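Single-structure report; data block below.
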Amino acid sequence: MTRQGASLVKLILRNKEFEVKPGMTLLSSLQKINVLPESVVATRDSEMILEDEILKDGDVVKLIAVISGG
Amino acid sequence: MKCRKCGEKASVNMRQHKLALCKEHYLEWVPEQTERFIEKYEMFSHDEKILVAVSGGKDSLSLWDILIRLGYQADGLYIGLGIDAGINYSGESHRLADKFANEHNLKLHVVDIEKEYGQPISVLSETSHRGYGKPCAVCGLTKRHVMNRIARDLGYDVLATGHNLDDEAAVLFGNTLSWSGDYLLRQGPVLPSTEGLARKVKPLCRFYEREMTAYALLRGIEYIYEECPFAEGSTSIYYKEVLNQLENDRPGAKLTFYLRFLEARQSGLFAERNTSALHLHPCTNCGQPTSAPGLCSFCRMMEKSKSPV
């Protein structure tokens, strides 16, 4: 849960939400929450972003799972 | 990260190719590469009629989109499996396949398994006692049977599926772990046609699954994001995760694994067994080729599903 006034970045993967500190790259953020970069595509404000993108306070990053099949 | 072609901000980075591209150049690059693979593996020509197996997922809809952009004559085939699982999975997949076809003014053939054969996949799986409680084996067998029947009956030259490199690498990984020689021999971008069996091709077999997701998103293709409810915990997904861990540590590992396999097969590493043993017979019920005289696997399954328990 987000604390009042705290600066955070939110990452959403399917129905799970994660929070990390701003100022980290997307790659570091994914490592922090144990998500393999190869298994997701990241979007912010509906634009795709890459691993070297630095995430800012208030960013909401949607992680789209890429693996499918049975 | 900058686009290698124009220097603008990149949208997609492919570490295995050491290549980053912006949206515009990525959407040019994917069809160019697909055309290259179609020619390299001699999949089909512009004169041939292609039937694309469309599930409503990112890969098959993207494949259809790419083939149309490249100017091929490609119609779609959607197979309604009757999977609901509380999320209307098949209904939503059908809606998205229909939507894509309508928006692009394309022809979509639809086969509803329950209407055609009297039972949806999940019931067929129970009544036929195949698949050890999971309908995936029945689903695969049914889809292969229907795809071939429609391609053959409607006069298509080739059947195209949206298998990507991760799909192919996962299958290869599984078959290598069990040294399934017969399956290894048959795996490849093209399965040539034989009497009664349509040629099958996989034009996306050298694109990573992540690249196809990026293509669908950047093209604005609406696809079914939910996983098939029966695929949860499947072996193929587990193999994909293992291979992605490897890829993360060694960029290009998946691509090398698949391409070196194709080269090894080409050079004769997997020798054909006694070819007379592979002679096919027409099924006595549906006429599709089968390895043993009598009924094919699909018709045997249907017979079993009708008989009392």
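Naming scheme: A, B, ... for chains in displayed order of the structure tokens; residues 1 onward per chain; ligands 1 onward as shown.
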
Which residues, written as a PDB file with N, CA and C atoms, in the first residue's frame, have at least one atom at most 12 Å from Leu262 of chain B, with only C-alpha atoms counted and residues fewer than 6 positions away on the same chain left out?
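out35.pdb written:
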ATOM      1  N   TYR B  41      13.388 -20.636 -46.167  1.00  0.00           N
ATOM      2  CA  TYR B  41      12.910 -22.000 -45.905  1.00  0.00           C
ATOM      3  C   TYR B  41      11.919 -22.494 -46.967  1.00  0.00           C
ATOM      4  N   GLU B 168       9.134 -23.045 -30.367  1.00  0.00           N
ATOM      5  CA  GLU B 168       9.964 -24.057 -31.016  1.00  0.00           C
ATOM      6  C   GLU B 168      11.097 -24.519 -30.105  1.00  0.00           C
ATOM      7  N   ALA B 169      11.713 -23.565 -29.401  1.00  0.00           N
ATOM      8  CA  ALA B 169      12.819 -23.924 -28.508  1.00  0.00           C
ATOM      9  C   ALA B 169      12.319 -24.773 -27.340  1.00  0.00           C
ATOM     10  N   LEU B 172      11.720 -28.236 -28.679  1.00  0.00           N
ATOM     11  CA  LEU B 172      13.035 -28.840 -28.928  1.00  0.00           C
ATOM     12  C   LEU B 172      13.699 -29.259 -27.614  1.00  0.00           C
ATOM     13  N   LEU B 184      12.231 -35.105 -33.169  1.00  0.00           N
ATOM     14  CA  LEU B 184      13.336 -34.210 -33.553  1.00  0.00           C
ATOM     15  C   LEU B 184      13.492 -34.183 -35.066  1.00  0.00           C
ATOM     16  N   LEU B 185      13.305 -35.320 -35.680  1.00  0.00           N
ATOM     17  CA  LEU B 185      13.436 -35.428 -37.133  1.00  0.00           C
ATOM     18  C   LEU B 185      12.389 -34.587 -37.855  1.00  0.00           C
ATOM     19  N   ARG B 186      11.209 -34.480 -37.244  1.00  0.00           N
ATOM     20  CA  ARG B 186      10.099 -33.788 -37.919  1.00  0.00           C
ATOM     21  C   ARG B 186      10.028 -32.305 -37.591  1.00  0.00           C
ATOM     22  N   GLN B 187      10.746 -31.846 -36.564  1.00  0.00           N
ATOM     23  CA  GLN B 187      10.600 -30.442 -36.166  1.00  0.00           C
ATOM     24  C   GLN B 187      11.350 -29.520 -37.118  1.00  0.00           C
ATOM     25  N   GLY B 188      10.692 -28.459 -37.549  1.00  0.00           N
ATOM     26  CA  GLY B 188      11.355 -27.500 -38.433  1.00  0.00           C
ATOM     27  C   GLY B 188      10.387 -26.438 -38.899  1.00  0.00           C
ATOM     28  N   PRO B 189      10.883 -25.428 -39.632  1.00  0.00           N
ATOM     29  CA  PRO B 189      10.005 -24.345 -40.097  1.00  0.00           C
ATOM     30  C   PRO B 189       8.971 -24.804 -41.123  1.00  0.00           C
ATOM     31  N   VAL B 190       9.256 -25.927 -41.813  1.00  0.00           N
ATOM     32  CA  VAL B 190       8.330 -26.423 -42.847  1.00  0.00           C
ATOM     33  C   VAL B 190       8.139 -27.924 -42.665  1.00  0.00           C
ATOM     34  N   CYS B 205       9.005 -18.508 -36.787  1.00  0.00           N
ATOM     35  CA  CYS B 205       9.803 -19.404 -35.947  1.00  0.00           C
ATOM     36  C   CYS B 205      11.144 -18.828 -35.505  1.00  0.00           C
ATOM     37  N   ARG B 206      11.545 -17.682 -36.063  1.00  0.00           N
ATOM     38  CA  ARG B 206      12.831 -17.113 -35.623  1.00  0.00           C
ATOM     39  C   ARG B 206      12.666 -15.822 -34.820  1.00  0.00           C
ATOM     40  N   LEU B 255      18.089 -18.592 -29.470  1.00  0.00           N
ATOM     41  CA  LEU B 255      18.220 -18.553 -30.933  1.00  0.00           C
ATOM     42  C   LEU B 255      19.281 -19.550 -31.392  1.00  0.00           C
ATOM     43  N   THR B 256      20.418 -19.561 -30.706  1.00  0.00           N
ATOM     44  CA  THR B 256      21.503 -20.478 -31.064  1.00  0.00           C
ATOM     45  C   THR B 256      21.050 -21.931 -30.922  1.00  0.00           C
ATOM     46  N   GLY B 268      22.274 -34.010 -41.362  1.00  0.00           N
ATOM     47  CA  GLY B 268      22.050 -35.451 -41.251  1.00  0.00           C
ATOM     48  C   GLY B 268      22.270 -36.039 -39.883  1.00  0.00           C
ATOM     49  N   LEU B 269      22.297 -35.214 -38.854  1.00  0.00           N
ATOM     50  CA  LEU B 269      22.510 -35.739 -37.505  1.00  0.00           C
ATOM     51  C   LEU B 269      21.396 -36.707 -37.096  1.00  0.00           C
ATOM     52  N   PHE B 270      20.160 -36.376 -37.542  1.00  0.00           N
ATOM     53  CA  PHE B 270      19.043 -37.252 -37.216  1.00  0.00           C
ATOM     54  C   PHE B 270      18.648 -37.999 -38.485  1.00  0.00           C
TER      55      PHE B 270
END

Please provide as a list of chain:residue names all residues within 8 Å of segment 23-27 of chain A, with the sequence filter that same-chain residues fewer than 3 positions apart are discarded (counting only C-alpha atoms).
-> A:Leu30, A:Gln31, A:Pro37, A:Leu50, A:Glu51, A:Asp52, A:Glu53, A:Ile54, A:Leu55, A:Lys56, A:Asp57

Please build the interface table for chain B against chain A with a cut-off of 8 Å, listing for each qualifying residue the nearest atom pair and the distance in Å to one decimal; count only C-alpha atoms, order rows by chain and increasing number, and write it as JSON lines.
{"residue": "B:Met1", "atom": "CA", "partner": "A:Asp52", "partner_atom": "CA", "distance": 7.0}
{"residue": "B:Ala10", "atom": "CA", "partner": "A:Leu50", "partner_atom": "CA", "distance": 7.7}
{"residue": "B:Ser11", "atom": "CA", "partner": "A:Met48", "partner_atom": "CA", "distance": 5.7}
{"residue": "B:Val12", "atom": "CA", "partner": "A:Leu50", "partner_atom": "CA", "distance": 6.9}
{"residue": "B:Asn13", "atom": "CA", "partner": "A:Leu50", "partner_atom": "CA", "distance": 7.0}
{"residue": "B:Cys136", "atom": "CA", "partner": "A:Gly70", "partner_atom": "CA", "distance": 6.9}
{"residue": "B:Asp167", "atom": "CA", "partner": "A:Gly69", "partner_atom": "CA", "distance": 7.6}
{"residue": "B:Glu209", "atom": "CA", "partner": "A:Val66", "partner_atom": "CA", "distance": 6.3}
{"residue": "B:Arg210", "atom": "CA", "partner": "A:Val66", "partner_atom": "CA", "distance": 5.6}
{"residue": "B:Thr213", "atom": "CA", "partner": "A:Val66", "partner_atom": "CA", "distance": 6.1}
{"residue": "B:Ala214", "atom": "CA", "partner": "A:Val41", "partner_atom": "CA", "distance": 6.9}
{"residue": "B:Glu227", "atom": "CA", "partner": "A:Ser68", "partner_atom": "CA", "distance": 6.2}
{"residue": "B:Cys228", "atom": "CA", "partner": "A:Gly69", "partner_atom": "CA", "distance": 7.5}
{"residue": "B:Phe230", "atom": "CA", "partner": "A:Gly70", "partner_atom": "CA", "distance": 7.3}
{"residue": "B:Ala231", "atom": "CA", "partner": "A:Gly70", "partner_atom": "CA", "distance": 4.3}
{"residue": "B:Glu232", "atom": "CA", "partner": "A:Gly70", "partner_atom": "CA", "distance": 7.5}
{"residue": "B:Ser234", "atom": "CA", "partner": "A:Gly70", "partner_atom": "CA", "distance": 5.7}
{"residue": "B:Thr235", "atom": "CA", "partner": "A:Gly70", "partner_atom": "CA", "distance": 7.6}
{"residue": "B:Ser236", "atom": "CA", "partner": "A:Gly70", "partner_atom": "CA", "distance": 6.0}
{"residue": "B:Ile237", "atom": "CA", "partner": "A:Gly69", "partner_atom": "CA", "distance": 6.6}
{"residue": "B:Lys240", "atom": "CA", "partner": "A:Ile67", "partner_atom": "CA", "distance": 7.4}
{"residue": "B:Glu241", "atom": "CA", "partner": "A:Ser39", "partner_atom": "CA", "distance": 7.8}
{"residue": "B:Asn244", "atom": "CA", "partner": "A:Glu38", "partner_atom": "CA", "distance": 6.1}
{"residue": "B:Gln245", "atom": "CA", "partner": "A:Leu36", "partner_atom": "CA", "distance": 7.2}
{"residue": "B:Glu247", "atom": "CA", "partner": "A:Glu38", "partner_atom": "CA", "distance": 7.5}
{"residue": "B:Asn248", "atom": "CA", "partner": "A:Glu38", "partner_atom": "CA", "distance": 6.5}

From segment 28-58 of chain A, collect each residue whose DSSP state is strand (DSSP E) and return the set as a list in words.
-> Val40, Val41, Ala42, Thr43, Arg44, Glu47, Met48 and Ile49 of chain A

Give the helix (DSSP H, G or I) residues of chain A, as DSSP finds them on the backbone, and put them as a PyMOL selection string.
-> chain A and resi 26-32+37-39

d(atom CA of Asn148 of chain B, atom CA of Gly162 of chain B) in Å |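 Atom CA of Asn148 of chain B sits 15.6 Å away from atom CA of Gly162 of chain B.
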